[in-house]
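Reviewing the structure listed below.
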Amino acid sequence: MMNTLSVFRKIAVAEGLSYVLLVFIAMPLKYWADMPLAVKYTGWAHGLLFMLYIVFLIMAWVEYKWSFKRTALFGVASLLPFAPFWVDKKLKEDN
């Protein structure tokens, strides 16, 4: 059985991976290799994972009574490439 925190950690890693793929692979393919579908599909997946990240972030905030500061920091981390991997690492260390 998976709890909110373990699901959030998995989503954080997937969201981080999708962001890195979007920025460093799909975007160059779109602009340098004239392959716009790379951004379409990677962007769609990233958008879905981003929304799940925010939903599970709020769920974890409520369930685990995180401070606003911690929640805001994890929220900002979703906007920076590679930062969701730090979120996963931080949550793993805390458990």
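Just so we're on the same page: first chain in the structure tokens is A, next is B, and so on; residues restart at 1 for each chain, and ligands are numbered from 1 in the order they show up.
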
Discussion item. I'd like the contact shell of Leu73 (chain A) - 12 Å cut-off, only C-alpha atoms, skipping same-chain residues fewer than 6 positions apart - returned as an MDAnalysis selection string.
Written reply: chainID A and resid 57 61 66:67 79:80 83:84 86:87 90

Can those selected residues be exported to a file as a compact mmCIF listing (two decimals), in the first residue's frame so that it contains all heavy atoms?
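Final output, saved to part.txt:
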# COMPACT_ATOMS: atom_id res chain seq x y z
N LEU A 57 1.19 17.67 -3.46
CA LEU A 57 1.87 18.59 -2.53
C LEU A 57 0.87 19.13 -1.52
O LEU A 57 1.14 19.14 -0.31
CB LEU A 57 2.52 19.74 -3.31
CG LEU A 57 3.13 20.86 -2.47
CD1 LEU A 57 4.29 20.34 -1.63
CD2 LEU A 57 3.60 21.99 -3.39
N TRP A 61 0.81 18.42 2.45
CA TRP A 61 0.81 19.57 3.35
C TRP A 61 -0.25 19.41 4.43
O TRP A 61 0.03 19.58 5.63
CB TRP A 61 0.56 20.83 2.53
CG TRP A 61 0.51 22.12 3.27
CD1 TRP A 61 1.06 22.41 4.50
CD2 TRP A 61 -0.10 23.33 2.84
NE1 TRP A 61 0.83 23.72 4.82
CE2 TRP A 61 0.12 24.31 3.82
CE3 TRP A 61 -0.81 23.69 1.70
CZ2 TRP A 61 -0.36 25.61 3.70
CZ3 TRP A 61 -1.27 24.99 1.58
CH2 TRP A 61 -1.05 25.93 2.57
N TRP A 66 2.77 20.01 7.23
CA TRP A 66 4.00 20.71 6.90
C TRP A 66 3.82 22.20 7.11
O TRP A 66 2.72 22.72 7.00
CB TRP A 66 4.39 20.48 5.45
CG TRP A 66 4.86 19.09 5.13
CD1 TRP A 66 5.22 18.11 6.01
CD2 TRP A 66 5.02 18.54 3.83
NE1 TRP A 66 5.61 16.98 5.34
CE2 TRP A 66 5.50 17.22 4.00
CE3 TRP A 66 4.83 19.02 2.55
CZ2 TRP A 66 5.77 16.38 2.92
CZ3 TRP A 66 5.10 18.18 1.48
CH2 TRP A 66 5.57 16.89 1.66
N SER A 67 4.90 22.89 7.38
CA SER A 67 4.85 24.34 7.49
C SER A 67 4.59 24.95 6.11
O SER A 67 4.86 24.33 5.08
CB SER A 67 6.17 24.88 8.05
OG SER A 67 7.20 24.72 7.09
N LEU A 79 9.13 24.33 -10.26
CA LEU A 79 9.33 25.27 -11.37
C LEU A 79 10.76 25.29 -11.89
O LEU A 79 11.05 25.96 -12.88
CB LEU A 79 8.93 26.69 -10.92
CG LEU A 79 7.51 26.84 -10.39
CD1 LEU A 79 7.30 28.24 -9.85
CD2 LEU A 79 6.49 26.49 -11.44
N LEU A 80 11.66 24.59 -11.22
CA LEU A 80 13.08 24.61 -11.57
C LEU A 80 13.54 23.23 -12.03
O LEU A 80 13.27 22.24 -11.35
CB LEU A 80 13.92 25.04 -10.36
CG LEU A 80 13.54 26.36 -9.71
CD1 LEU A 80 14.27 26.53 -8.40
CD2 LEU A 80 13.84 27.50 -10.66
N ALA A 83 15.22 20.44 -9.55
CA ALA A 83 14.82 20.65 -8.16
C ALA A 83 13.86 19.59 -7.63
O ALA A 83 13.94 19.25 -6.44
CB ALA A 83 14.24 22.05 -7.98
N PRO A 84 12.95 19.03 -8.44
CA PRO A 84 12.11 17.95 -7.90
C PRO A 84 12.91 16.74 -7.42
O PRO A 84 12.48 16.02 -6.52
CB PRO A 84 11.19 17.60 -9.07
CG PRO A 84 11.09 18.86 -9.84
CD PRO A 84 12.47 19.46 -9.75
N TRP A 86 15.71 17.00 -5.84
CA TRP A 86 16.11 17.41 -4.50
C TRP A 86 14.96 17.20 -3.52
O TRP A 86 15.18 16.76 -2.38
CB TRP A 86 16.53 18.89 -4.51
CG TRP A 86 16.74 19.43 -3.14
CD1 TRP A 86 17.84 19.29 -2.35
CD2 TRP A 86 15.80 20.18 -2.37
NE1 TRP A 86 17.65 19.91 -1.15
CE2 TRP A 86 16.40 20.46 -1.13
CE3 TRP A 86 14.51 20.64 -2.60
CZ2 TRP A 86 15.75 21.18 -0.14
CZ3 TRP A 86 13.86 21.35 -1.61
CH2 TRP A 86 14.48 21.62 -0.40
N VAL A 87 13.72 17.48 -3.96
CA VAL A 87 12.54 17.26 -3.11
C VAL A 87 12.45 15.79 -2.73
O VAL A 87 12.27 15.46 -1.54
CB VAL A 87 11.24 17.72 -3.81
CG1 VAL A 87 10.01 17.26 -3.04
CG2 VAL A 87 11.23 19.23 -4.00
N LYS A 90 15.18 15.00 -0.22
CA LYS A 90 14.89 15.60 1.08
C LYS A 90 13.83 14.78 1.82
O LYS A 90 13.95 14.51 3.01
CB LYS A 90 14.42 17.05 0.88
CG LYS A 90 14.10 17.78 2.15
CD LYS A 90 15.35 18.16 2.88
CE LYS A 90 14.98 19.01 4.07
NZ LYS A 90 15.87 18.80 5.18

Discussion item. When you look at Phe82 (chain A) with a cut-off of 8 Å (counting only C-alpha atoms), what residues show up, excluding the ones that are within fewer than 5 positions of it in the same chain? I need them as a ChimeraX atom specification.
Written reply: /A:16-17,20

C-alpha atoms of the current selection, written as a PDB file, in the first residue's frame:
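again12.pdb, freshly written:
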ATOM      1  CA  GLY A  16      11.387  16.389 -12.679  1.00  0.00           C
ATOM      2  CA  LEU A  17      12.295  13.914 -15.398  1.00  0.00           C
ATOM      3  CA  VAL A  20      14.356  17.908 -17.949  1.00  0.00           C
TER       4      VAL A  20
END

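Nearest residue to Tyr19 (chain A) among A:Ala33, A:Ile54, A:Met59, A:His46 is A:His46, counting only C-alpha atoms.
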
Practice prompt. Enumerate, as a PyMOL selection string, the complete set of residues in chain A that a backbone-based DSSP assignment places in alpha helix (DSSP H).
Written response: chain A and resi 4-21+27-32+36-64+68-77+83-94

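For the residues A:Ile11, A:Leu22, A:Phe68, A:Asn95, ranking by smallest atom-to-atom distance to Lys40 (chain A) using only C-alpha atoms places A:Leu22 first.
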
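Each of A:Leu37, A:Val23, A:Tyr31, A:Leu91 was compared to Thr4 (chain A) using only C-alpha atoms, and A:Leu91 turns out to be the nearest.
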
Which residues are near Leu49 (chain A)? Cut-off 8 Å, only C-alpha atoms, ignore same chain within fewer than 6 positions. Put them as an mmCIF file with C-alpha atoms, in the first residue's frame.
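Below you can see around.cif, which holds the result:
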data_model
loop_
_atom_site.group_PDB
_atom_site.id
_atom_site.type_symbol
_atom_site.label_atom_id
_atom_site.label_comp_id
_atom_site.auth_asym_id
_atom_site.auth_seq_id
_atom_site.Cartn_x
_atom_site.Cartn_y
_atom_site.Cartn_z
ATOM 1 C CA ILE A 11 5.377 12.043 -8.889
ATOM 2 C CA ALA A 14 8.509 11.776 -12.793
ATOM 3 C CA GLU A 15 7.707 15.506 -12.963
ATOM 4 C CA SER A 18 9.561 15.200 -17.702
#

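Nearest to Leu5 (chain A) of all the residues A:Met35, A:Val62, A:Ala72, A:Ala26 is A:Val62, counting only C-alpha atoms.
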
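When CA of Val13 (chain A) is paired with CA of Met51 (chain A), their separation reads 13.6 Å.
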
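The two atoms in question, CA of Tyr53 (chain A) and CA of Phe8 (chain A), are spaced 6.7 Å apart.
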
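Shortest atom-to-atom contact with Ser6 (chain A) among A:Lys69, A:Phe56, A:Phe24, A:Ser78: A:Phe56, counting only C-alpha atoms.
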
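CA of Phe74 (chain A) is found 10.8 Å from CA of Ala60 (chain A).
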